[in-house]
>>> print(open('upload38.cif').read())   # mmCIF, C-alpha atoms
data_target
#
loop_
_atom_site.label_atom_id
_atom_site.label_comp_id
_atom_site.auth_asym_id
_atom_site.auth_seq_id
_atom_site.Cartn_x
_atom_site.Cartn_y
_atom_site.Cartn_z
CA MET A 1 0.00 0.00 0.00
CA ASN A 2 1.20 3.48 -0.93
CA GLY A 3 0.22 5.03 2.41
CA VAL A 4 2.50 2.73 4.35
CA ALA A 5 5.44 3.81 2.18
CA VAL A 6 4.63 7.49 2.78
CA VAL A 7 4.37 7.00 6.54
CA TRP A 8 7.64 5.05 6.51
CA GLU A 9 9.29 7.96 4.69
CA GLN A 10 7.95 10.36 7.32
CA ARG A 11 8.88 8.06 10.17
CA SER A 12 11.17 10.60 11.81
CA LEU A 13 8.18 12.95 12.28
CA LEU A 14 6.19 10.13 13.85
CA PHE A 15 9.16 9.14 15.98
CA ASP A 16 9.56 12.72 17.26
CA GLY A 17 5.86 12.68 18.17
CA LEU A 18 6.32 9.38 19.98
CA LEU A 19 9.31 10.75 21.93
CA ASN A 20 7.31 13.85 22.88
CA THR A 21 4.38 11.71 24.04
CA LEU A 22 6.82 9.60 26.01
CA TRP A 23 8.48 12.41 27.91
CA ILE A 24 5.29 14.42 28.37
CA THR A 25 3.72 11.31 29.88
CA ALA A 26 6.76 10.51 32.00
CA SER A 27 7.15 14.01 33.44
CA ALA A 28 3.41 14.38 34.01
CA MET A 29 3.35 11.00 35.74
CA VAL A 30 6.22 11.98 38.06
CA VAL A 31 4.63 15.32 38.98
CA ALA A 32 1.20 13.68 39.33
CA ALA A 33 2.66 11.02 41.65
CA VAL A 34 4.27 13.63 43.91
CA LEU A 35 1.11 15.72 43.85
CA GLY A 36 -1.06 12.69 44.52
CA VAL A 37 1.02 11.62 47.53
CA VAL A 38 1.08 15.17 48.94
CA LEU A 39 -2.66 15.59 48.43
CA PHE A 40 -3.36 12.23 50.04
CA ALA A 41 -1.04 13.03 52.98
CA LEU A 42 -2.79 16.38 53.46
CA THR A 43 -6.21 14.71 53.50
CA LEU A 44 -5.10 12.70 56.53
CA THR A 45 -5.20 15.92 58.55
CA ARG A 46 -7.49 16.23 61.55
CA LEU A 47 -8.54 19.71 60.42
CA THR A 48 -12.01 18.82 59.19
CA LEU A 49 -12.47 21.90 57.03
CA LEU A 50 -9.18 21.39 55.17
CA ARG A 51 -9.88 17.67 54.70
CA ARG A 52 -13.43 18.24 53.44
CA SER A 53 -12.42 20.97 51.00
CA LEU A 54 -9.52 18.88 49.65
CA TRP A 55 -11.85 15.96 48.94
CA LEU A 56 -14.36 18.34 47.39
CA VAL A 57 -11.70 19.58 44.95
CA ILE A 58 -10.49 16.03 44.22
CA ASP A 59 -14.03 14.73 43.62
CA LEU A 60 -14.81 17.75 41.45
CA LEU A 61 -11.70 17.20 39.30
CA ARG A 62 -12.66 13.58 38.79
CA CYS A 63 -16.00 14.69 37.34
CA VAL A 64 -14.41 16.92 34.69
CA PRO A 65 -13.53 15.59 31.22
CA PHE A 66 -9.78 15.92 30.69
CA MET A 67 -10.19 17.81 27.43
CA LEU A 68 -12.26 20.49 29.16
CA PHE A 69 -9.73 20.69 31.99
CA CYS A 70 -7.00 21.14 29.41
CA TYR A 71 -8.85 24.08 27.84
CA LEU A 72 -9.48 25.57 31.27
CA ILE A 73 -5.78 25.47 32.15
CA TYR A 74 -4.70 26.75 28.75
CA TYR A 75 -7.16 29.65 28.62
CA GLY A 76 -7.60 30.09 32.35
CA LEU A 77 -4.02 30.53 33.57
CA PRO A 78 -3.44 33.72 31.52
CA SER A 79 -6.40 35.40 33.23
CA PHE A 80 -4.54 34.88 36.52
CA GLY A 81 -1.53 36.55 34.95
CA ILE A 82 0.31 33.26 34.43
CA VAL A 83 1.42 33.01 30.82
CA VAL A 84 2.59 29.55 29.79
CA ASN A 85 3.25 27.92 26.44
CA ASN A 86 1.04 25.09 25.23
CA LEU A 87 3.48 22.35 26.21
CA THR A 88 3.73 23.57 29.82
CA ALA A 89 -0.04 24.02 29.99
CA GLY A 90 -0.47 20.45 28.76
CA ILE A 91 1.91 18.95 31.30
CA VAL A 92 0.37 21.01 34.12
CA ALA A 93 -3.11 19.86 33.09
CA LEU A 94 -2.08 16.20 32.93
CA SER A 95 -0.23 16.38 36.26
CA VAL A 96 -2.96 18.10 38.27
CA TYR A 97 -5.77 16.00 36.77
CA HIS A 98 -4.03 12.69 37.37
CA GLY A 99 -2.67 13.85 40.72
CA ALA A 100 -6.28 14.00 41.90
CA TYR A 101 -6.92 10.49 40.56
CA LEU A 102 -3.82 9.18 42.32
CA ALA A 103 -4.88 10.77 45.63
CA GLU A 104 -8.22 8.98 45.34
CA LEU A 105 -6.44 5.74 44.43
CA LEU A 106 -4.19 6.00 47.49
CA ARG A 107 -7.22 6.63 49.67
CA GLY A 108 -8.86 3.45 48.38
CA ILE A 109 -5.73 1.43 49.19
CA HIS A 110 -5.36 3.08 52.59
CA GLU A 111 -8.93 2.16 53.49
CA SER A 112 -8.44 -1.45 52.41
CA LEU A 113 -5.30 -1.97 54.52
CA PRO A 114 -5.44 -2.94 58.21
CA ARG A 115 -4.96 -0.03 60.63
CA ASP A 116 -2.91 -1.96 63.21
CA ALA A 117 0.45 -0.44 62.30
CA GLU A 118 -1.04 3.04 62.44
CA ASP A 119 -2.55 2.45 65.89
CA ALA A 120 0.73 0.95 67.08
CA GLY A 121 2.62 3.95 65.66
CA ARG A 122 0.31 6.31 67.53
CA ALA A 123 0.82 4.32 70.71
CA PHE A 124 4.56 4.75 70.28
CA GLY A 125 4.10 8.49 70.06
CA PHE A 126 4.24 9.03 66.30
CA HIS A 127 1.98 11.78 65.05
CA GLY A 128 1.56 14.31 62.28
CA ALA A 129 4.01 14.25 59.40
CA ARG A 130 6.24 11.60 60.94
CA LEU A 131 3.34 9.20 61.39
CA VAL A 132 2.32 9.72 57.75
CA MET A 133 5.83 9.45 56.31
CA ARG A 134 7.13 6.54 58.38
CA ILE A 135 4.05 4.45 59.13
CA VAL A 136 1.10 5.25 56.87
CA LEU A 137 2.65 5.89 53.47
CA PRO A 138 5.14 3.00 52.96
CA PRO A 139 2.60 0.12 52.80
CA VAL A 140 0.12 2.25 50.84
CA LEU A 141 2.72 3.16 48.21
CA LEU A 142 3.90 -0.44 47.95
CA ALA A 143 0.35 -1.64 47.33
CA ALA A 144 -0.14 1.15 44.78
CA VAL A 145 2.57 -0.03 42.36
CA PRO A 146 0.36 -2.15 40.09
CA MET A 147 -2.28 0.59 39.94
CA LEU A 148 0.36 3.20 39.10
CA GLY A 149 0.87 1.24 35.88
CA ASN A 150 -2.83 1.54 35.06
CA GLN A 151 -2.69 5.25 35.79
CA ALA A 152 0.35 5.64 33.52
CA VAL A 153 -1.67 4.05 30.71
CA GLN A 154 -4.43 6.58 31.38
CA VAL A 155 -1.89 9.43 31.23
CA ILE A 156 -0.58 8.12 27.88
CA LYS A 157 -4.12 8.04 26.53
CA ASP A 158 -5.04 11.46 27.90
CA SER A 159 -1.85 12.96 26.45
CA ALA A 160 -3.47 12.57 23.01
CA PHE A 161 -5.99 15.23 24.04
CA LEU A 162 -3.13 17.74 24.06
CA VAL A 163 -3.47 17.79 20.27
CA ILE A 164 -6.28 20.34 20.79
CA ILE A 165 -3.85 22.91 22.18
CA ALA A 166 -1.34 22.06 19.44
CA VAL A 167 1.19 20.15 21.51
CA GLU A 168 3.27 18.22 19.00
CA GLU A 169 2.77 14.74 20.38
CA LEU A 170 2.11 11.46 18.59
CA THR A 171 -1.47 12.12 17.46
CA TYR A 172 -0.46 15.60 16.29
CA ALA A 173 2.36 14.08 14.22
CA ALA A 174 0.03 11.49 12.70
CA ASP A 175 -2.46 14.24 11.87
CA GLU A 176 0.30 16.32 10.24
CA ILE A 177 1.34 13.44 8.00
CA GLN A 178 -2.29 12.70 7.24
CA ALA A 179 -3.04 16.29 6.31
CA THR A 180 0.07 16.79 4.18
CA TYR A 181 0.07 13.57 2.17
CA TYR A 182 -3.53 12.47 2.61
CA VAL A 183 -2.71 9.04 3.99
CA PRO A 184 -5.15 8.96 6.94
CA PHE A 185 -5.39 5.20 7.23
CA ALA A 186 -1.69 4.38 7.36
CA SER A 187 -0.71 7.33 9.57
CA PHE A 188 -3.42 6.88 12.22
CA VAL A 189 -3.01 3.10 12.27
CA ALA A 190 0.72 3.66 12.81
CA ALA A 191 -0.08 6.01 15.70
CA VAL A 192 -2.53 3.53 17.23
CA LEU A 193 0.05 0.74 17.01
CA LEU A 194 2.65 2.95 18.69
CA TYR A 195 0.22 3.79 21.52
CA TRP A 196 -0.42 0.08 21.88
CA LEU A 197 3.31 -0.58 22.06
CA LEU A 198 3.69 2.10 24.77
CA CYS A 199 0.86 0.67 26.85
CA LEU A 200 2.08 -2.92 26.48
CA THR A 201 5.54 -1.77 27.56
CA VAL A 202 4.12 -0.14 30.69
CA GLU A 203 2.07 -3.26 31.50
CA GLY A 204 5.09 -5.49 30.92
CA GLY A 205 7.26 -3.24 33.07
CA VAL A 206 4.78 -3.37 35.95
CA ARG A 207 4.66 -7.16 35.67
CA ILE A 208 8.47 -7.41 35.82
CA VAL A 209 8.61 -5.13 38.89
CA LEU A 210 5.87 -7.13 40.61
CA ASN A 211 7.56 -10.45 39.86
CA ALA A 212 10.85 -9.11 41.19
CA ALA A 213 9.08 -7.88 44.34
CA GLU A 214 7.37 -11.26 44.74
CA ALA A 215 10.66 -13.13 44.30
CA ARG A 216 12.33 -11.03 47.00
CA ARG A 217 9.62 -11.63 49.56
CA MET B 1 -22.62 35.18 27.09
CA ASN B 2 -26.11 35.86 25.70
CA THR B 3 -29.24 33.84 24.97
CA ALA B 4 -27.92 32.65 21.60
CA GLY B 5 -24.83 31.38 23.38
CA LEU B 6 -26.91 29.48 25.89
CA LEU B 7 -28.94 27.95 23.06
CA THR B 8 -25.72 26.84 21.35
CA LEU B 9 -24.62 25.23 24.60
CA ALA B 10 -28.00 23.53 25.02
CA ALA B 11 -27.74 22.08 21.50
CA GLY B 12 -24.21 20.93 22.30
CA ALA B 13 -25.42 19.28 25.49
CA GLY B 14 -28.06 17.44 23.45
CA GLU B 15 -25.40 16.25 21.02
CA THR B 16 -23.12 15.04 23.83
CA PHE B 17 -26.06 13.30 25.50
CA GLY B 18 -27.24 11.62 22.29
CA ILE B 19 -23.81 10.39 21.24
CA SER B 20 -22.98 9.11 24.73
CA MET B 21 -26.32 7.35 25.20
CA LEU B 22 -26.12 5.63 21.80
CA ALA B 23 -22.56 4.52 22.52
CA ILE B 24 -23.60 3.16 25.93
CA LEU B 25 -26.61 1.34 24.46
CA LEU B 26 -24.46 -0.22 21.73
CA GLY B 27 -21.22 -0.72 23.63
CA THR B 28 -22.65 -2.57 26.64
CA PRO B 29 -24.26 -5.51 24.78
CA LEU B 30 -21.40 -5.65 22.25
CA GLY B 31 -18.98 -5.90 25.17
CA LEU B 32 -21.08 -8.76 26.57
CA LEU B 33 -20.92 -10.51 23.19
CA LEU B 34 -17.12 -10.22 23.07
CA GLY B 35 -16.87 -11.25 26.71
CA LEU B 36 -18.91 -14.37 25.95
CA VAL B 37 -16.71 -15.17 22.94
CA ARG B 38 -13.63 -15.03 25.15
CA TRP B 39 -15.29 -16.90 28.01
CA ALA B 40 -16.46 -19.73 25.74
CA ARG B 41 -13.00 -19.80 24.08
CA VAL B 42 -14.59 -19.80 20.61
CA PRO B 43 -11.83 -21.09 18.35
CA LEU B 44 -10.24 -18.49 16.05
CA ALA B 45 -12.52 -15.70 17.35
CA ASP B 46 -11.06 -15.80 20.88
CA PRO B 47 -7.48 -14.72 20.06
CA ILE B 48 -8.73 -12.15 17.55
CA VAL B 49 -11.06 -10.60 20.13
CA ALA B 50 -8.24 -10.64 22.71
CA VAL B 51 -5.91 -8.68 20.40
CA VAL B 52 -8.58 -6.22 19.24
CA VAL B 53 -9.68 -5.51 22.82
CA SER B 54 -6.10 -4.97 23.97
CA LEU B 55 -5.49 -2.63 21.02
CA LEU B 56 -8.68 -0.64 21.57
CA ARG B 57 -8.00 -0.31 25.28
CA ALA B 58 -4.63 1.26 24.54
CA THR B 59 -5.94 3.67 21.88
CA PRO B 60 -6.72 7.26 22.86
CA SER B 61 -10.23 8.28 21.81
CA VAL B 62 -8.89 11.33 19.98
CA THR B 63 -6.70 9.16 17.78
CA LEU B 64 -9.45 6.61 17.27
CA VAL B 65 -12.03 9.19 16.21
CA LEU B 66 -9.58 10.67 13.70
CA LEU B 67 -8.87 7.18 12.38
CA VAL B 68 -12.56 6.30 12.05
CA TYR B 69 -13.58 9.60 10.47
CA PHE B 70 -10.66 10.16 8.08
CA ALA B 71 -9.58 6.60 7.29
CA LEU B 72 -12.88 4.85 6.59
CA PRO B 73 -13.60 7.01 3.50
CA THR B 74 -10.30 5.85 1.95
CA LEU B 75 -11.68 2.32 2.24
CA GLY B 76 -14.75 3.54 0.35
CA LEU B 77 -16.89 3.88 3.47
CA GLU B 78 -18.12 7.46 3.74
CA ILE B 79 -19.73 8.07 7.13
CA PRO B 80 -21.16 11.24 8.66
CA ARG B 81 -19.51 12.90 11.66
CA PHE B 82 -22.22 11.87 14.09
CA ALA B 83 -21.92 8.19 13.12
CA ALA B 84 -18.12 8.34 13.36
CA ALA B 85 -18.44 9.83 16.84
CA VAL B 86 -20.88 7.15 18.00
CA ALA B 87 -18.76 4.39 16.42
CA THR B 88 -15.59 5.62 18.15
CA LEU B 89 -17.09 5.83 21.62
CA THR B 90 -18.86 2.50 21.10
CA LEU B 91 -15.61 0.75 20.13
CA GLY B 92 -13.79 2.11 23.16
CA SER B 93 -16.49 1.27 25.69
CA MET B 94 -17.08 -2.11 24.03
CA ALA B 95 -13.46 -3.07 24.73
CA PHE B 96 -13.60 -2.01 28.39
CA ASN B 97 -17.04 -3.59 28.87
CA CYS B 98 -15.74 -6.84 27.38
CA GLU B 99 -13.19 -7.06 30.19
CA ILE B 100 -15.85 -6.22 32.81
CA TRP B 101 -18.23 -8.91 31.55
CA ARG B 102 -15.41 -11.40 31.15
CA GLY B 103 -14.27 -10.77 34.73
CA ALA B 104 -17.79 -11.45 35.99
CA LEU B 105 -18.06 -14.57 33.82
CA LEU B 106 -14.73 -15.93 35.03
CA ALA B 107 -15.77 -15.34 38.64
CA PHE B 108 -19.04 -17.17 38.05
CA PRO B 109 -19.19 -20.33 40.25
CA ALA B 110 -18.88 -23.45 38.09
CA ASP B 111 -21.00 -25.59 40.40
CA GLN B 112 -24.09 -23.62 39.42
CA LEU B 113 -23.43 -24.44 35.78
CA ASP B 114 -22.92 -28.10 36.63
CA ALA B 115 -26.18 -28.10 38.57
CA ALA B 116 -28.03 -26.49 35.67
CA ARG B 117 -26.54 -29.04 33.28
CA ALA B 118 -27.58 -31.85 35.61
CA CYS B 119 -31.12 -30.48 35.54
CA GLY B 120 -31.06 -30.87 31.77
CA MET B 121 -30.81 -27.20 30.82
CA ARG B 122 -29.40 -26.49 27.41
CA ARG B 123 -26.58 -24.04 26.82
CA GLY B 124 -28.85 -21.14 25.87
CA GLN B 125 -31.09 -21.73 28.86
CA ARG B 126 -28.13 -21.91 31.25
CA LEU B 127 -26.87 -18.63 29.92
CA ARG B 128 -30.20 -16.84 29.90
CA LEU B 129 -31.69 -18.13 33.14
CA ILE B 130 -28.68 -18.81 35.36
CA VAL B 131 -25.62 -16.86 34.26
CA LEU B 132 -26.89 -13.57 32.82
CA PRO B 133 -29.11 -12.41 35.70
CA GLN B 134 -26.29 -12.91 38.17
CA ILE B 135 -23.41 -11.44 36.18
CA MET B 136 -25.54 -8.44 35.30
CA ARG B 137 -25.89 -7.60 38.96
CA ALA B 138 -22.22 -8.26 39.64
CA SER B 139 -21.06 -6.10 36.71
CA LEU B 140 -23.43 -3.19 37.15
CA PRO B 141 -21.23 -0.93 39.31
CA ALA B 142 -18.25 -1.43 36.98
CA LEU B 143 -20.44 -0.84 33.93
CA VAL B 144 -21.79 2.41 35.37
CA ASN B 145 -18.23 3.46 36.16
CA GLU B 146 -17.33 2.79 32.51
CA MET B 147 -20.26 4.98 31.44
CA THR B 148 -18.83 7.92 33.38
CA LEU B 149 -15.47 7.31 31.69
CA LEU B 150 -17.22 7.32 28.32
CA ILE B 151 -18.82 10.69 29.00
CA LYS B 152 -15.46 12.02 30.16
CA VAL B 153 -13.75 11.09 26.88
CA SER B 154 -16.75 12.14 24.75
CA PRO B 155 -15.31 15.64 24.05
CA ALA B 156 -12.79 13.80 21.85
CA VAL B 157 -15.42 13.79 19.10
CA ALA B 158 -15.03 17.58 18.86
CA VAL B 159 -11.76 17.13 16.95
CA ILE B 160 -13.66 15.92 13.87
CA GLY B 161 -16.01 18.88 14.07
CA VAL B 162 -18.98 17.42 15.94
CA VAL B 163 -20.46 20.33 17.87
CA ASP B 164 -20.81 18.66 21.23
CA LEU B 165 -20.96 20.48 24.55
CA THR B 166 -17.21 21.19 24.61
CA ARG B 167 -16.96 22.38 21.01
CA ALA B 168 -20.02 24.57 21.47
CA ALA B 169 -18.20 26.26 24.37
CA VAL B 170 -15.03 26.67 22.27
CA ARG B 171 -17.13 28.27 19.55
CA ILE B 172 -18.76 30.79 21.89
CA GLY B 173 -15.38 31.58 23.41
CA ALA B 174 -13.97 32.30 19.95
CA GLN B 175 -16.92 34.55 19.08
CA THR B 176 -16.88 36.57 22.28
CA TYR B 177 -13.09 36.54 22.83
CA ARG B 178 -13.86 35.44 26.38
CA PRO B 179 -13.28 31.69 26.56
CA LEU B 180 -13.64 31.22 30.30
CA PRO B 181 -17.37 31.91 30.92
CA PRO B 182 -18.69 29.22 28.51
CA PHE B 183 -16.08 26.74 29.81
CA LEU B 184 -17.20 27.34 33.38
CA VAL B 185 -20.85 26.86 32.40
CA ILE B 186 -20.19 23.51 30.69
CA LEU B 187 -17.93 22.51 33.59
CA ALA B 188 -21.02 22.72 35.78
CA VAL B 189 -23.04 20.72 33.25
CA TYR B 190 -20.45 17.93 33.05
CA VAL B 191 -20.04 17.85 36.82
CA VAL B 192 -23.80 17.43 37.24
CA ILE B 193 -24.04 14.65 34.63
CA ILE B 194 -20.92 12.74 35.70
CA GLY B 195 -21.52 13.41 39.39
CA GLY B 196 -24.99 11.90 38.93
CA PHE B 197 -23.48 8.74 37.46
CA VAL B 198 -20.87 8.57 40.25
CA LEU B 199 -23.56 8.85 42.93
CA ALA B 200 -25.63 6.19 41.16
CA GLN B 201 -22.58 3.94 41.06
CA ARG B 202 -21.90 4.41 44.79
CA MET B 203 -25.52 3.55 45.58
CA LEU B 204 -25.36 0.47 43.37
CA GLU B 205 -22.10 -0.64 44.96
CA ARG B 206 -23.64 -0.34 48.39
CA ARG B 207 -26.73 -2.29 47.31
CA VAL B 208 -24.69 -5.04 45.63
CA ALA B 209 -22.41 -5.26 48.67
CA GLY B 210 -25.50 -5.42 50.89
CA ALA B 211 -27.04 -8.19 48.76
CA GLY B 212 -23.80 -10.15 48.85
CA ALA B 213 -23.44 -10.01 52.60
#
>>> encode(input="upload38.cif", output="structure tokens")
Amino acid sequence: MNGVAVVWEQRSLLFDGLLNTLWITASAMVVAAVLGVVLFALTLTRLTLLRRSLWLVIDLLRCVPFMLFCYLIYYGLPSFGIVVNNLTAGIVALSVYHGAYLAELLRGIHESLPRDAEDAGRAFGFHGARLVMRIVLPPVLLAAVPMLGNQAVQVIKDSAFLVIIAVEELTYAADEIQATYYVPFASFVAAVLLYWLLCLTVEGGVRIVLNAAEARR
Amino acid sequence: MNTAGLLTLAAGAGETFGISMLAILLGTPLGLLLGLVRWARVPLADPIVAVVVSLLRATPSVTLVLLVYFALPTLGLEIPRFAAAVATLTLGSMAFNCEIWRGALLAFPADQLDAARACGMRRGQRLRLIVLPQIMRASLPALVNEMTLLIKVSPAVAVIGVVDLTRAAVRIGAQTYRPLPPFLVILAVYVVIIGGFVLAQRMLERRVAGAGA
């Protein structure tokens, strides 16, 4: 097929898009993870008002479509006097959005784990930040590893939405090739296959980490 | 934002609602069909379904909708925007629903099937009278959760020019040079719709958990 040949000729464009998707996803995932852990740790506070309002924000974010959130960040930040380029806006949007999801995910794990260690920690005089850092977080984070993989797949998929604010990621590259040479089938199928490859890699990576963890136990 | 703007948003909300509902109505039973194919290990079809589901689950909706809308015509299949939008969301939710149904099917206790077989029930009867009613209840919370995910990715259809709720807001923003007000209005609309689904899911989960206990 002619389209395949054209896409192969333009492979460097596609490859650049793939690399951009990769590092946008990776950096957003790192920031989201930090944000998620911090948010979750803050929600453990005894200050009811702070805890309630944090969960309100987290629940609210989880009810917003990512594409809309992306527009809100891109058009909204300038009205607060913060001018960012589209790439930064995209990474910020991905990080904050998925940070909220990760906080919720950590809460679910925390609720499913036994509280014994926490009670024992309190009895030994741990409280506040030290209790959270030393006693509460370690088992929660350990149990979160497999789900972090799922979240990374979600971030990869949501990164395609950044095409709407003209971030030059994989879907953008495929659309460029499609628009220039009119080979929609080959270029989008190539993009889909590359997304598949990315997601399979993440899933495989999680499996390897889990197996290694299992073997060490 | 004026009355005309609000009307545009209302039309967009209708479009989003219609596309999402059609995709849910099509994607849920199609997912069940694929789940059954995998559960029954239908020769030839089983590995194909497994690969297609894995592929679809990894594909961003934006990319998929572009593929469906721009690539099908090159295969001689001209389809309107609305149909491409419904097809895209259906394919995505079908793949996720397949895994939900399959999970419920795999967790289904085999002794019930043996008992049904011993009572002389045929395959179709076993499925219709024994398996389906139970897996439907078990899958419902997960299926509702998938519906909220579908609505959350539905703005993807805006990239092919479907004027859904999100694109309607973009349009008004471009006309008035003030993008934030329409975005904040539709934010509230989405939060109400998706929040409604989330609450429904929590209620269902509680009821299913209560029934199981």
>>> closest_residue(input="upload38.cif", among="A:Gly128, A:Gly108, A:Pro65, A:Gly205", to="A:Asp158", atoms="all atoms listed in the file")
A:Pro65
>>> resolve_selection(input="upload38.cif", expression="the PyMOL selection byres ((chain B) within 9 of (chain A))", output="count of residues only")
44
>>> residues_around(input="upload38.cif", residues="A:Val30", least_positions_apart="6", cutoff="10 Å", atoms="only C-alpha atoms", output="list in words")
Gly36, Ser95, Gly99 and Ala152 of chain A
>>> resolve_selection(input="upload38.cif", expression="the PyMOL selection byres ((chain A and resi 121) around 12)", output="PDB file with C-alpha atoms, in the coordinates of the input")
ATOM      1  CA  ARG A 115      -4.960  -0.030  60.630  1.00  0.00           C
ATOM      2  CA  ASP A 116      -2.910  -1.960  63.210  1.00  0.00           C
ATOM      3  CA  ALA A 117       0.450  -0.440  62.300  1.00  0.00           C
ATOM      4  CA  GLU A 118      -1.040   3.040  62.440  1.00  0.00           C
ATOM      5  CA  ASP A 119      -2.550   2.450  65.890  1.00  0.00           C
ATOM      6  CA  ALA A 120       0.730   0.950  67.080  1.00  0.00           C
ATOM      7  CA  ARG A 122       0.310   6.310  67.530  1.00  0.00           C
ATOM      8  CA  ALA A 123       0.820   4.320  70.710  1.00  0.00           C
ATOM      9  CA  PHE A 124       4.560   4.750  70.280  1.00  0.00           C
ATOM     10  CA  GLY A 125       4.100   8.490  70.060  1.00  0.00           C
ATOM     11  CA  PHE A 126       4.240   9.030  66.300  1.00  0.00           C
ATOM     12  CA  HIS A 127       1.980  11.780  65.050  1.00  0.00           C
ATOM     13  CA  GLY A 128       1.560  14.310  62.280  1.00  0.00           C
ATOM     14  CA  ARG A 130       6.240  11.600  60.940  1.00  0.00           C
ATOM     15  CA  LEU A 131       3.340   9.200  61.390  1.00  0.00           C
ATOM     16  CA  VAL A 132       2.320   9.720  57.750  1.00  0.00           C
ATOM     17  CA  MET A 133       5.830   9.450  56.310  1.00  0.00           C
ATOM     18  CA  ARG A 134       7.130   6.540  58.380  1.00  0.00           C
ATOM     19  CA  ILE A 135       4.050   4.450  59.130  1.00  0.00           C
ATOM     20  CA  VAL A 136       1.100   5.250  56.870  1.00  0.00           C
TER      21      VAL A 136
END
>>> resolve_selection(input="upload38.cif", expression="the PyMOL selection byres ((chain B and resi 199-206) around 9)", output="PyMOL selection string")
chain B and resi 140-145+194-198+207-211
>>> closest_residue(input="upload38.cif", among="A:Asp16, A:Glu104, A:Glu9, A:Glu111", to="A:Val38", atoms="all atoms listed in the file")
A:Glu104
>>> atom_distance(input="upload38.cif", atom1="atom CA of A:Val206", atom2="atom CA of B:Ala40")
28.7 Å
>>> atom_distance(input="upload38.cif", atom1="atom CA of B:Gly12", atom2="atom CA of B:Val163")
5.8 Å
>>> atom_distance(input="upload38.cif", atom1="atom CA of B:Ile24", atom2="atom CA of B:Glu99")
15.2 Å
>>> closest_residue(input="upload38.cif", among="B:Phe96, B:Gly120, B:Met136, B:Leu32", to="B:Phe108", atoms="only C-alpha atoms")
B:Met136
>>> residues_near_point(input="upload38.cif", point="(-19.9, 2.0, 20.1)", cutoff="9 Å", atoms="all atoms listed in the file", output="list in words")
Leu22, Ala23, Ile24, Leu25, Leu26, Gly27, Thr28, Leu30, Ala85, Val86, Ala87, Thr88, Leu89, Thr90, Leu91, Gly92, Ser93 and Met94 of chain B
>>> residues_near_point(input="upload38.cif", point="(-23.0, 30.6, 23.1)", cutoff="10 Å", atoms="all atoms listed in the file", output="list in words")
Met1, Asn2, Thr3, Ala4, Gly5, Leu6, Leu7, Thr8, Leu9, Ala10, Ala11, Gly12, Ala168, Ala169, Val170, Arg171, Ile172, Gly173, Ala174, Gln175, Thr176, Pro181 and Pro182 of chain B
